[in-house]
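Below is structure08.pdb, holding PDB, C-alpha atoms.
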```pdb
ATOM      1  CA  MET M   1    -203.875  25.186  11.756
ATOM      2  CA  THR M   2    -202.406  21.818  10.861
ATOM      3  CA  GLU M   3    -202.496  20.217   7.471
ATOM      4  CA  GLN M   4    -204.983  17.631   8.714
ATOM      5  CA  GLN M   5    -207.332  20.308  10.035
ATOM      6  CA  ALA M   6    -207.105  22.175   6.721
ATOM      7  CA  ARG M   7    -208.149  19.096   4.741
ATOM      8  CA  ALA M   8    -211.142  18.580   6.990
ATOM      9  CA  VAL M   9    -212.699  21.992   6.133
ATOM     10  CA  GLU M  10    -211.472  22.532   2.499
ATOM     11  CA  PRO M  11    -214.041  21.454  -0.198
ATOM     12  CA  GLY M  12    -212.704  18.725  -2.467
ATOM     13  CA  PRO M  13    -212.896  18.648  -6.301
ATOM     14  CA  GLU M  14    -216.074  16.515  -6.306
ATOM     15  CA  THR M  15    -217.904  18.711  -3.913
ATOM     16  CA  THR M  16    -221.292  19.925  -5.205
ATOM     17  CA  PRO M  17    -222.183  23.490  -4.282
ATOM     18  CA  ALA M  18    -225.256  23.684  -2.119
ATOM     19  CA  GLY M  19    -228.465  24.074  -4.246
ATOM     20  CA  GLY M  20    -226.613  23.608  -7.671
ATOM     21  CA  LEU M  21    -226.179  20.921 -10.340
ATOM     22  CA  ALA M  22    -223.012  19.420 -11.647
ATOM     23  CA  THR M  23    -221.786  20.722 -15.020
ATOM     24  CA  ALA M  24    -219.206  19.526 -17.482
ATOM     25  CA  GLU M  25    -217.077  22.572 -16.997
ATOM     26  CA  ALA M  26    -214.458  22.518 -14.350
ATOM     27  CA  PRO M  27    -215.314  24.694 -11.463
ATOM     28  CA  ALA M  28    -213.508  27.905 -10.945
ATOM     29  CA  PRO M  29    -210.563  27.578  -8.629
ATOM     30  CA  ALA M  30    -211.366  28.483  -5.091
ATOM     31  CA  PRO M  31    -209.774  31.581  -3.816
ATOM     32  CA  GLU M  32    -206.675  30.987  -1.737
ATOM     33  CA  GLN M  33    -207.496  31.028   1.951
ATOM     34  CA  THR M  34    -205.290  32.782   4.410
ATOM     35  CA  PRO M  35    -204.468  30.512   7.382
ATOM     36  CA  ALA M  36    -205.912  31.731  10.653
ATOM     37  CA  PRO M  37    -203.517  32.588  13.437
ATOM     38  CA  GLU M  38    -202.514  29.553  15.551
ATOM     39  CA  THR M  39    -204.027  31.153  18.623
ATOM     40  CA  ALA M  40    -207.466  31.127  17.009
ATOM     41  CA  VAL M  41    -207.909  27.391  17.540
ATOM     42  CA  PRO M  42    -206.819  25.809  20.897
ATOM     43  CA  GLU M  43    -204.167  23.187  20.455
ATOM     44  CA  THR M  44    -205.295  19.698  21.361
ATOM     45  CA  PRO M  45    -202.864  18.025  23.869
ATOM     46  CA  GLY M  46    -200.641  15.645  22.046
ATOM     47  CA  PRO M  47    -199.240  12.298  23.050
ATOM     48  CA  PRO M  48    -195.997  13.581  24.671
ATOM     49  CA  LYS M  49    -197.879  15.469  27.382
ATOM     50  CA  ASP M  50    -200.127  12.455  28.012
ATOM     51  CA  ARG M  51    -197.032  10.333  28.548
ATOM     52  CA  ARG M  52    -195.630  12.801  31.087
ATOM     53  CA  VAL M  53    -198.854  12.673  33.106
ATOM     54  CA  LEU M  54    -198.886   8.890  32.947
ATOM     55  CA  ARG M  55    -195.294   8.678  34.133
ATOM     56  CA  ALA M  56    -196.034  10.992  37.067
ATOM     57  CA  VAL M  57    -199.037   8.887  38.096
ATOM     58  CA  LEU M  58    -196.952   5.728  37.902
ATOM     59  CA  ARG M  59    -194.183   7.273  40.009
ATOM     60  CA  TRP M  60    -196.623   8.289  42.755
ATOM     61  CA  THR M  61    -198.282   4.881  42.670
ATOM     62  CA  ALA M  62    -194.897   3.163  43.032
ATOM     63  CA  ALA M  63    -193.972   5.460  45.924
ATOM     64  CA  VAL M  64    -197.200   4.621  47.760
ATOM     65  CA  VAL M  65    -196.584   0.899  47.267
ATOM     66  CA  VAL M  66    -193.001   1.207  48.565
ATOM     67  CA  PHE M  67    -194.081   3.201  51.624
ATOM     68  CA  ALA M  68    -196.822   0.691  52.357
ATOM     69  CA  ALA M  69    -194.363  -2.188  52.073
ATOM     70  CA  VAL M  70    -191.840  -0.456  54.308
ATOM     71  CA  GLY M  71    -194.540   0.343  56.863
ATOM     72  CA  ALA M  72    -195.784  -3.224  56.869
ATOM     73  CA  GLY M  73    -192.244  -4.526  57.251
ATOM     74  CA  THR M  74    -191.560  -2.155  60.147
ATOM     75  CA  ALA M  75    -194.776  -3.186  61.901
ATOM     76  CA  TYR M  76    -193.900  -6.849  61.441
ATOM     77  CA  GLY M  77    -190.397  -6.240  62.754
ATOM     78  CA  ILE M  78    -191.643  -4.467  65.883
ATOM     79  CA  THR M  79    -194.289  -7.054  66.673
ATOM     80  CA  GLY M  80    -191.671  -9.770  66.286
ATOM     81  CA  MET M  81    -189.231  -8.112  68.732
ATOM     82  CA  GLU M  82    -189.158  -8.218  72.493
ATOM     83  CA  ARG M  83    -190.309  -5.000  74.137
ATOM     84  CA  THR M  84    -186.826  -4.397  75.545
ATOM     85  CA  GLU M  85    -185.376  -4.512  72.012
ATOM     86  CA  VAL M  86    -187.462  -1.626  70.691
ATOM     87  CA  PRO M  87    -185.827   1.796  71.235
ATOM     88  CA  GLY M  88    -188.040   4.007  73.351
ATOM     89  CA  LEU M  89    -190.175   1.058  74.543
ATOM     90  CA  ALA M  90    -187.601  -0.748  76.676
ATOM     91  CA  THR M  91    -189.040  -1.857  80.026
ATOM     92  CA  GLU M  92    -186.733  -1.708  83.012
ATOM     93  CA  SER M  93    -186.237  -4.815  85.126
ATOM     94  CA  ASP M  94    -188.732  -5.225  87.970
ATOM     95  CA  GLY M  95    -185.886  -6.250  90.293
ATOM     96  CA  ARG M  96    -186.056 -10.027  89.981
ATOM     97  CA  TRP M  97    -182.791 -11.919  90.037
ATOM     98  CA  ASP M  98    -181.645 -14.292  87.325
ATOM     99  CA  TYR M  99    -181.754 -17.703  88.993
ATOM    100  CA  PRO M 100    -180.715 -20.876  87.183
ATOM    101  CA  THR M 101    -183.348 -23.431  86.227
ATOM    102  CA  LEU M 102    -184.433 -25.270  89.378
ATOM    103  CA  THR M 103    -184.416 -29.067  89.541
ATOM    104  CA  ARG M 104    -185.435 -31.112  92.552
ATOM    105  CA  PRO M 105    -182.858 -33.711  93.540
ATOM    106  CA  PRO M 106    -183.732 -37.365  92.836
ATOM    107  CA  LEU M 107    -185.363 -39.342  95.624
ATOM    108  CA  PRO M 108    -184.198 -42.753  96.803
ATOM    109  CA  SER M 109    -186.045 -45.546  95.037
ATOM    110  CA  GLY M 110    -189.553 -45.979  96.417
ATOM    111  CA  SER M 111    -189.444 -42.839  98.575
ATOM    112  CA  PRO M 112    -192.412 -40.438  98.352
ATOM    113  CA  ARG M 113    -192.226 -36.694  98.139
ATOM    114  CA  PRO M 114    -192.560 -34.848 101.460
ATOM    115  CA  PHE M 115    -196.201 -33.875 101.056
ATOM    116  CA  ALA M 116    -197.456 -36.965  99.251
ATOM    117  CA  GLU M 117    -200.535 -38.582 100.767
ATOM    118  CA  GLU M 118    -198.587 -41.706 101.711
ATOM    119  CA  ASN M 119    -195.929 -39.641 103.562
ATOM    120  CA  GLY M 120    -197.703 -38.982 106.846
ATOM    121  CA  ALA M 121    -194.520 -37.740 108.546
ATOM    122  CA  GLU M 122    -193.946 -35.184 105.760
ATOM    123  CA  ALA M 123    -190.303 -36.228 105.732
ATOM    124  CA  HIS M 124    -187.799 -35.062 103.137
ATOM    125  CA  HIS M 125    -185.968 -38.111 101.846
ATOM    126  CA  ALA M 126    -183.666 -36.002  99.663
ATOM    127  CA  ASP M 127    -180.427 -34.635 101.074
ATOM    128  CA  PRO M 128    -181.143 -31.146 102.540
ATOM    129  CA  ARG M 129    -177.890 -29.859 101.037
ATOM    130  CA  ALA M 130    -179.352 -30.582  97.599
ATOM    131  CA  LEU M 131    -182.545 -28.684  98.496
ATOM    132  CA  LEU M 132    -180.786 -25.346  98.985
ATOM    133  CA  LEU M 133    -181.619 -22.650  96.458
ATOM    134  CA  PRO M 134    -178.642 -21.931  94.151
ATOM    135  CA  ALA M 135    -177.195 -18.423  93.972
ATOM    136  CA  PRO M 136    -178.435 -16.143  91.172
ATOM    137  CA  ALA M 137    -176.280 -15.029  88.270
ATOM    138  CA  GLY M 138    -173.541 -12.560  89.178
ATOM    139  CA  ALA M 139    -173.671 -13.255  92.922
ATOM    140  CA  VAL M 140    -170.590 -13.984  95.051
ATOM    141  CA  GLU M 141    -171.168 -17.020  97.246
ATOM    142  CA  ASP M 142    -170.351 -16.994 100.960
ATOM    143  CA  ARG M 143    -168.256 -20.145 101.253
ATOM    144  CA  ALA M 144    -168.118 -19.884 105.048
ATOM    145  CA  LEU M 145    -171.781 -20.921 105.256
ATOM    146  CA  ARG M 146    -171.026 -24.287 103.698
ATOM    147  CA  GLY M 147    -169.420 -25.535 106.901
ATOM    148  CA  GLU M 148    -167.749 -28.919 106.933
ATOM    149  CA  ASP M 149    -169.130 -31.397 104.408
ATOM    150  CA  GLY M 150    -171.939 -28.944 103.743
ATOM    151  CA  TRP M 151    -173.261 -29.009 107.346
ATOM    152  CA  LEU M 152    -173.183 -25.749 109.296
ATOM    153  CA  PRO M 153    -172.437 -25.813 113.066
ATOM    154  CA  THR M 154    -175.317 -24.692 115.265
ATOM    155  CA  GLU M 155    -173.219 -21.881 116.755
ATOM    156  CA  ASP M 156    -172.746 -20.323 113.327
ATOM    157  CA  PHE M 157    -176.496 -20.286 112.786
ATOM    158  CA  LEU M 158    -177.079 -18.697 116.198
ATOM    159  CA  LYS M 159    -174.866 -15.751 115.207
ATOM    160  CA  GLU M 160    -177.834 -14.466 113.190
ATOM    161  CA  PHE M 161    -179.551 -13.473 116.455
ATOM    162  CA  ALA M 162    -178.738 -10.296 118.347
ATOM    163  CA  ASP M 163    -179.502 -10.989 122.000
ATOM    164  CA  GLU M 164    -177.227 -13.285 123.967
ATOM    165  CA  ASP M 165    -180.037 -14.568 126.201
ATOM    166  CA  GLU M 166    -182.183 -15.341 123.165
ATOM    167  CA  ARG M 167    -179.300 -17.226 121.576
ATOM    168  CA  ALA M 168    -178.958 -19.325 124.716
ATOM    169  CA  ASP M 169    -182.686 -20.061 124.693
ATOM    170  CA  LEU M 170    -182.594 -21.073 121.038
ATOM    171  CA  ARG M 171    -179.517 -23.241 121.580
ATOM    172  CA  GLN M 172    -181.271 -25.244 124.275
ATOM    173  CA  MET M 173    -184.508 -25.458 122.287
ATOM    174  CA  LEU M 174    -182.743 -26.826 119.201
ATOM    175  CA  LYS M 175    -180.972 -29.382 121.334
ATOM    176  CA  ASP M 176    -184.186 -30.483 123.055
ATOM    177  CA  ASP M 177    -185.993 -30.748 119.714
ATOM    178  CA  GLY M 178    -183.361 -33.103 118.357
ATOM    179  CA  LEU M 179    -181.876 -30.946 115.596
ATOM    180  CA  ARG M 180    -180.161 -33.294 113.118
ATOM    181  CA  HIS M 181    -178.437 -31.025 110.603
ATOM    182  CA  ILE M 182    -178.247 -27.464 109.318
ATOM    183  CA  ALA M 183    -177.592 -26.978 105.612
ATOM    184  CA  ALA M 184    -176.822 -23.389 104.635
ATOM    185  CA  ARG M 185    -175.975 -21.232 101.641
ATOM    186  CA  GLY M 186    -175.386 -17.523 101.255
ATOM    187  CA  TRP M 187    -174.315 -14.950  98.663
ATOM    188  CA  THR M 188    -173.990 -11.237  97.957
ATOM    189  CA  THR M 189    -175.341  -9.703  94.749
ATOM    190  CA  GLU M 190    -173.881  -6.764  92.826
ATOM    191  CA  ASP M 191    -176.207  -4.267  94.529
ATOM    192  CA  GLY M 192    -174.869  -5.269  97.949
ATOM    193  CA  THR M 193    -177.816  -7.423  99.063
ATOM    194  CA  SER M 194    -176.714 -10.239 101.365
ATOM    195  CA  THR M 195    -178.776 -13.459 101.425
ATOM    196  CA  ARG M 196    -178.507 -16.326 103.915
ATOM    197  CA  ILE M 197    -180.599 -19.497 103.785
ATOM    198  CA  TYR M 198    -180.649 -22.106 106.562
ATOM    199  CA  LEU M 199    -182.431 -25.469 106.367
ATOM    200  CA  LEU M 200    -182.837 -26.986 109.846
ATOM    201  CA  ARG M 201    -183.792 -30.663 109.721
ATOM    202  CA  PHE M 202    -185.595 -32.503 112.514
ATOM    203  CA  ASP M 203    -187.144 -35.956 112.952
ATOM    204  CA  THR M 204    -190.795 -35.028 112.448
ATOM    205  CA  SER M 205    -193.002 -32.245 111.141
ATOM    206  CA  VAL M 206    -194.647 -31.956 114.573
ATOM    207  CA  ILE M 207    -191.397 -30.633 116.023
ATOM    208  CA  VAL M 208    -191.057 -28.129 113.180
ATOM    209  CA  ASP M 209    -194.603 -26.879 113.685
ATOM    210  CA  ASP M 210    -193.916 -26.240 117.364
ATOM    211  CA  LEU M 211    -190.583 -24.552 116.716
ATOM    212  CA  ALA M 212    -192.040 -22.367 113.962
ATOM    213  CA  ALA M 213    -194.801 -21.197 116.289
ATOM    214  CA  ARG M 214    -192.160 -19.897 118.696
ATOM    215  CA  MET M 215    -189.770 -18.415 116.155
ATOM    216  CA  ALA M 216    -192.396 -16.925 113.841
ATOM    217  CA  PRO M 217    -195.497 -15.920 115.797
ATOM    218  CA  PHE M 218    -198.167 -13.683 114.307
ATOM    219  CA  GLY M 219    -197.263 -10.022 113.814
ATOM    220  CA  ALA M 220    -193.526 -10.078 114.604
ATOM    221  CA  PRO M 221    -190.641 -12.568 114.806
ATOM    222  CA  GLY M 222    -190.101 -14.302 118.125
ATOM    223  CA  TYR M 223    -186.350 -13.653 118.206
ATOM    224  CA  GLN M 224    -184.501 -10.497 117.191
ATOM    225  CA  LEU M 225    -182.044 -10.824 114.326
ATOM    226  CA  ARG M 226    -178.753  -8.942 114.504
ATOM    227  CA  GLY M 227    -178.885  -5.556 112.829
ATOM    228  CA  THR M 228    -182.615  -5.115 113.379
ATOM    229  CA  GLU M 229    -184.659  -2.803 115.556
ATOM    230  CA  THR M 230    -188.375  -3.452 114.965
ATOM    231  CA  SER M 231    -189.697  -6.028 112.469
ATOM    232  CA  VAL M 232    -193.320  -6.413 111.425
ATOM    233  CA  ALA M 233    -195.274  -8.843 109.271
ATOM    234  CA  ASP M 234    -194.770  -8.441 105.526
ATOM    235  CA  GLU M 235    -198.417  -8.058 104.561
ATOM    236  CA  GLY M 236    -197.685  -7.903 100.836
ATOM    237  CA  PHE M 237    -195.937 -11.264 100.946
ATOM    238  CA  ALA M 238    -198.912 -12.937 102.595
ATOM    239  CA  ASN M 239    -201.093 -12.071  99.584
ATOM    240  CA  LEU M 240    -198.768 -13.633  96.993
ATOM    241  CA  PRO M 241    -199.491 -17.043  95.402
ATOM    242  CA  TRP M 242    -197.650 -19.800  97.241
ATOM    243  CA  PRO M 243    -196.368 -22.961  95.523
ATOM    244  CA  GLY M 244    -196.009 -25.076  98.653
ATOM    245  CA  ASP M 245    -198.394 -27.127 100.767
ATOM    246  CA  PHE M 246    -196.958 -25.727 103.983
ATOM    247  CA  PRO M 247    -197.121 -22.424 105.919
ATOM    248  CA  ARG M 248    -194.696 -19.522 105.652
ATOM    249  CA  TRP M 249    -194.158 -16.316 107.592
ATOM    250  CA  ALA M 250    -192.317 -13.196 106.419
ATOM    251  CA  TYR M 251    -191.257 -10.017 108.218
ATOM    252  CA  THR M 252    -189.630  -6.748 107.234
ATOM    253  CA  GLU M 253    -187.774  -4.230 109.371
ATOM    254  CA  SER M 254    -189.899  -1.121 109.743
ATOM    255  CA  LYS M 255    -188.686   2.483 109.704
ATOM    256  CA  PRO M 256    -186.707   3.947 111.240
ATOM    257  CA  TYR M 257    -183.998   1.311 110.862
ATOM    258  CA  GLY M 258    -180.235   1.572 111.059
ATOM    259  CA  ALA M 259    -177.593   1.466 108.358
ATOM    260  CA  GLU M 260    -179.291  -1.470 106.634
ATOM    261  CA  GLN M 261    -182.740  -3.004 106.368
ATOM    262  CA  VAL M 262    -183.329  -6.682 107.138
ATOM    263  CA  ARG M 263    -186.034  -8.999 105.799
ATOM    264  CA  GLN M 264    -186.651 -12.506 107.145
ATOM    265  CA  ALA M 265    -188.887 -15.493 106.395
ATOM    266  CA  TYR M 266    -189.627 -18.878 108.002
ATOM    267  CA  LEU M 267    -191.001 -21.911 106.131
ATOM    268  CA  GLY M 268    -192.442 -24.850 108.077
ATOM    269  CA  ALA M 269    -191.844 -27.454 105.374
ATOM    270  CA  GLY M 270    -192.516 -30.851 106.911
ATOM    271  CA  ASP M 271    -189.468 -31.993 108.871
ATOM    272  CA  VAL M 272    -187.444 -28.960 107.672
ATOM    273  CA  LEU M 273    -187.595 -25.419 109.030
ATOM    274  CA  ALA M 274    -186.198 -22.932 106.523
ATOM    275  CA  VAL M 275    -184.894 -19.589 107.776
ATOM    276  CA  ILE M 276    -184.192 -16.981 105.046
ATOM    277  CA  VAL M 277    -182.537 -13.635 105.777
ATOM    278  CA  GLN M 278    -181.826 -10.763 103.368
ATOM    279  CA  SER M 279    -180.172  -7.493 104.305
ATOM    280  CA  ARG M 280    -178.905  -4.479 102.395
ATOM    281  CA  LYS M 281    -177.440  -1.109 103.219
ATOM    282  CA  GLY M 282    -180.180   1.467 102.894
ATOM    283  CA  THR M 283    -183.254  -0.476 101.770
ATOM    284  CA  ALA M 284    -183.641  -4.205 101.093
ATOM    285  CA  ALA M 285    -185.864  -4.554  98.020
ATOM    286  CA  SER M 286    -189.025  -6.609  98.431
ATOM    287  CA  VAL M 287    -189.060  -8.197  94.944
ATOM    288  CA  PRO M 288    -185.863 -10.286  95.163
ATOM    289  CA  PHE M 289    -186.700 -11.238  98.751
ATOM    290  CA  ARG M 290    -190.137 -12.582  97.853
ATOM    291  CA  GLN M 291    -188.715 -14.253  94.742
ATOM    292  CA  THR M 292    -186.020 -15.995  96.807
ATOM    293  CA  VAL M 293    -188.470 -17.211  99.445
ATOM    294  CA  THR M 294    -190.916 -18.488  96.809
ATOM    295  CA  LEU M 295    -188.262 -20.395  94.862
ATOM    296  CA  GLN M 296    -186.865 -21.960  98.026
ATOM    297  CA  GLY M 297    -190.409 -23.024  98.861
ATOM    298  CA  GLN M 298    -190.695 -24.737  95.463
ATOM    299  CA  LEU M 299    -187.609 -26.832  96.182
ATOM    300  CA  LEU M 300    -188.958 -27.879  99.545
ATOM    301  CA  GLY M 301    -192.433 -28.755  98.282
TER     302      GLY M 301
END
```
Show this structure as structure tokens.
Amino acid sequence: MTEQQARAVEPGPETTPAGGLATAEAPAPAPEQTPAPETAVPETPGPPKDRRVLRAVLRWTAAVVVFAAVGAGTAYGITGMERTEVPGLATESDGRWDYPTLTRPPLPSGSPRPFAEENGAEAHHADPRALLLPAPAGAVEDRALRGEDGWLPTEDFLKEFADEDERADLRQMLKDDGLRHIAARGWTTEDGTSTRIYLLRFDTSVIVDDLAARMAPFGAPGYQLRGTETSVADEGFANLPWPGDFPRWAYTESKPYGAEQVRQAYLGAGDVLAVIVQSRKGTAASVPFRQTVTLQGQLLG
């Protein structure tokens, strides 16, 4: 028992016994009390223990606040990152190539765009060499397709076709239709895909429409490209959004094919017929082919 507790229960000198009267004589001294064992009265928790509990509560509260802050910071960091920058969430490329930003070449002063309402002939007034799609990043350009001064001889274009009789027929047809120029560009990407683009320019869009009908009829190409067996219409390409105001036709070599697969497309863009060929050992992927054809269509539109 503590000294304070003893004072609380010990009668003081002015205490009046219950039921008695005060007298002048001093009261007899109270008999000495023997302190009770300390275990008889439970000890009331003192301040030190209270402080330990308080400190523990504060530590847990601080830990929760820190974890919450760290969690919030992590969430903010992830939402602010690209998906490919987050470990475990990186999305593989869908196969598209990294082309430079496309810019149409300037037109001569006062000249309309090919499909403007006032351009009834649908003529391209820009230089066809400037309308060729640039090579994507990492590709090795085929300088032989540039020809002299950027114009490719007709015979070099005809090498794309397998059958000698068909080449002769095409040669005469191009001559009769008044072919003016062929601008060409080609490249090979790191995965071995070879791309060749030919822009054949004529005097009018009527000639191009007629030529396209013979070279790219419905269902299959009109002339067999070298390295191909059987080519059929690329149905998936036909369902894609198209940026141009002109028709396009695409074909893919069907199985079984030889050492490489060949894809081809024809764009009847006003007075220009575009012929696009992609080939690759094994399988020629559809994504870069459709991307290439679409971007070339944007430049011609």
message = Please report the interatomic distance between CA of Leu273 in chain M and CA of Glu260 in chain M in Å with one decimal.
response = 25.5 Å
remark   = Across M:Arg129, M:Arg143, M:Arg263, M:Arg113, the smallest distance to Arg280 in chain M, with all atoms listed in the file counted, is shown by M:Arg263
key: Distance of CA of Ala269 in chain M from CA of Ala238 in chain M, expressed in Å to one decimal place   = 16.4 Å
task = Work out how far apart CA of Phe161 in chain M and CA of Thr252 in chain M are and give it in Å to one decimal.
result = 15.2 Å
task = Translate the PyMOL selection byres ((chain M and resi 145) around 10), as applied to the file shown, into an explicit residue set as a ChimeraX atom specification.
result = /M:141-144,146-148,150-153,156-157,183-187,196-198
Go ahead and write the residues just picked, C-alpha atoms, as a PDB file, in the frame of the given file.
```
ATOM      1  CA  GLU M 141    -171.168 -17.020  97.246  1.00  0.00           C
ATOM      2  CA  ASP M 142    -170.351 -16.994 100.960  1.00  0.00           C
ATOM      3  CA  ARG M 143    -168.256 -20.145 101.253  1.00  0.00           C
ATOM      4  CA  ALA M 144    -168.118 -19.884 105.048  1.00  0.00           C
ATOM      5  CA  ARG M 146    -171.026 -24.287 103.698  1.00  0.00           C
ATOM      6  CA  GLY M 147    -169.420 -25.535 106.901  1.00  0.00           C
ATOM      7  CA  GLU M 148    -167.749 -28.919 106.933  1.00  0.00           C
ATOM      8  CA  GLY M 150    -171.939 -28.944 103.743  1.00  0.00           C
ATOM      9  CA  TRP M 151    -173.261 -29.009 107.346  1.00  0.00           C
ATOM     10  CA  LEU M 152    -173.183 -25.749 109.296  1.00  0.00           C
ATOM     11  CA  PRO M 153    -172.437 -25.813 113.066  1.00  0.00           C
ATOM     12  CA  ASP M 156    -172.746 -20.323 113.327  1.00  0.00           C
ATOM     13  CA  PHE M 157    -176.496 -20.286 112.786  1.00  0.00           C
ATOM     14  CA  ALA M 183    -177.592 -26.978 105.612  1.00  0.00           C
ATOM     15  CA  ALA M 184    -176.822 -23.389 104.635  1.00  0.00           C
ATOM     16  CA  ARG M 185    -175.975 -21.232 101.641  1.00  0.00           C
ATOM     17  CA  GLY M 186    -175.386 -17.523 101.255  1.00  0.00           C
ATOM     18  CA  TRP M 187    -174.315 -14.950  98.663  1.00  0.00           C
ATOM     19  CA  ARG M 196    -178.507 -16.326 103.915  1.00  0.00           C
ATOM     20  CA  ILE M 197    -180.599 -19.497 103.785  1.00  0.00           C
ATOM     21  CA  TYR M 198    -180.649 -22.106 106.562  1.00  0.00           C
TER      22      TYR M 198
END
```
message = Quick one: residues within 10 Å of Arg167 in chain M, all atoms listed in the file, excluding same-chain residues fewer than 6 positions away - as JSON, numbers by chain?
response = {"M": [155, 157, 158, 159, 160, 161, 173, 223, 224]}
request  = Please write the residues picked by the PyMOL selection byres ((chain M and resi 128) around 10) on this file as a ChimeraX atom specification.
outcome  = /M:105,124-127,129-132,150-151,181-184,198-201,272,300
request  = Using the chain letters and residue numbers of this document, give as a ChimeraX atom specification the residues selected by the PyMOL selection byres ((chain M and resi 251) around 12).
outcome  = /M:215-225,228,230-238,248-250,252-254,261-266,275-278,284,286,289-290,293
inquiry  = So that I can check the surroundings of Asp94 in chain M, please list as number ranges by chain every protein, DNA and RNA residue that reaches within 12 Å of it, counting only C-alpha atoms and ignoring chain neighbours fewer than 3 positions away.
reply    = M: 91, 97-98, 285-288, 291
inquiry  = Considering all atoms listed in the file, can you say which of M:Gly282, M:Pro100, M:Gly268, M:Gly95 comes closest to Ala213 in chain M?
reply    = M:Gly268
task = May I have the protein, DNA and RNA residues with any atom at most 6 Å from the point (-194.3, -16.5, 96.3), counting all atoms listed in the file, written as a PyMOL selection string?
result = chain M and resi 240-242+290+294
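Among the candidates M:Arg214, M:Lys175, M:Lys281, M:Arg226, the one nearest to Asp191 in chain M when counting all atoms listed in the file is M:Lys281.
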task = Between M:Ser205, M:Ala212, M:Gly227, M:Pro256, single out the one closest to Phe115 in chain M, counting only C-alpha atoms.
result =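 With only C-alpha atoms as the atom set, the closest residue is M:Ser205.
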Export range 241-257 of chain M from the structure block above, keeping N, CA and C atoms, as a compact mmCIF listing (two decimals), in the first residue's frame.
```
# COMPACT_ATOMS: atom_id res chain seq x y z
N PRO M 241 -10.16 0.52 -92.80
CA PRO M 241 -10.44 1.91 -93.20
C PRO M 241 -9.45 2.36 -94.26
N TRP M 242 -9.91 3.16 -95.19
CA TRP M 242 -9.06 3.59 -96.31
C TRP M 242 -9.03 5.11 -96.36
N PRO M 243 -7.83 5.71 -96.37
CA PRO M 243 -7.74 7.17 -96.33
C PRO M 243 -7.94 7.86 -97.67
N GLY M 244 -7.92 7.10 -98.76
CA GLY M 244 -7.97 7.73 -100.08
C GLY M 244 -9.37 7.78 -100.66
N ASP M 245 -9.50 8.58 -101.72
CA ASP M 245 -10.76 8.68 -102.46
C ASP M 245 -10.67 7.89 -103.77
N PHE M 246 -9.96 6.81 -103.74
CA PHE M 246 -9.73 6.02 -104.95
C PHE M 246 -9.70 4.54 -104.59
N PRO M 247 -9.89 3.65 -105.55
CA PRO M 247 -9.96 2.20 -105.24
C PRO M 247 -8.59 1.58 -105.02
N ARG M 248 -8.58 0.45 -104.33
CA ARG M 248 -7.35 -0.32 -104.14
C ARG M 248 -7.71 -1.79 -104.14
N TRP M 249 -6.73 -2.61 -104.54
CA TRP M 249 -6.91 -4.05 -104.58
C TRP M 249 -5.67 -4.70 -103.98
N ALA M 250 -5.85 -5.71 -103.15
CA ALA M 250 -4.73 -6.37 -102.49
C ALA M 250 -4.89 -7.88 -102.60
N TYR M 251 -3.76 -8.57 -102.76
CA TYR M 251 -3.75 -10.03 -102.90
C TYR M 251 -2.62 -10.61 -102.05
N THR M 252 -2.82 -11.84 -101.64
CA THR M 252 -1.80 -12.56 -100.88
C THR M 252 -1.62 -13.95 -101.47
N GLU M 253 -0.40 -14.44 -101.47
CA GLU M 253 -0.12 -15.77 -102.00
C GLU M 253 -0.65 -16.81 -101.03
N SER M 254 -1.46 -17.71 -101.53
CA SER M 254 -2.08 -18.72 -100.67
C SER M 254 -1.20 -19.96 -100.55
N LYS M 255 -1.41 -20.72 -99.48
CA LYS M 255 -0.66 -21.96 -99.28
C LYS M 255 -1.14 -23.03 -100.25
N PRO M 256 -0.27 -23.93 -100.66
CA PRO M 256 1.16 -23.96 -100.34
C PRO M 256 1.94 -23.03 -101.27
N TYR M 257 2.87 -22.27 -100.72
CA TYR M 257 3.73 -21.44 -101.56
C TYR M 257 5.16 -21.91 -101.39
```
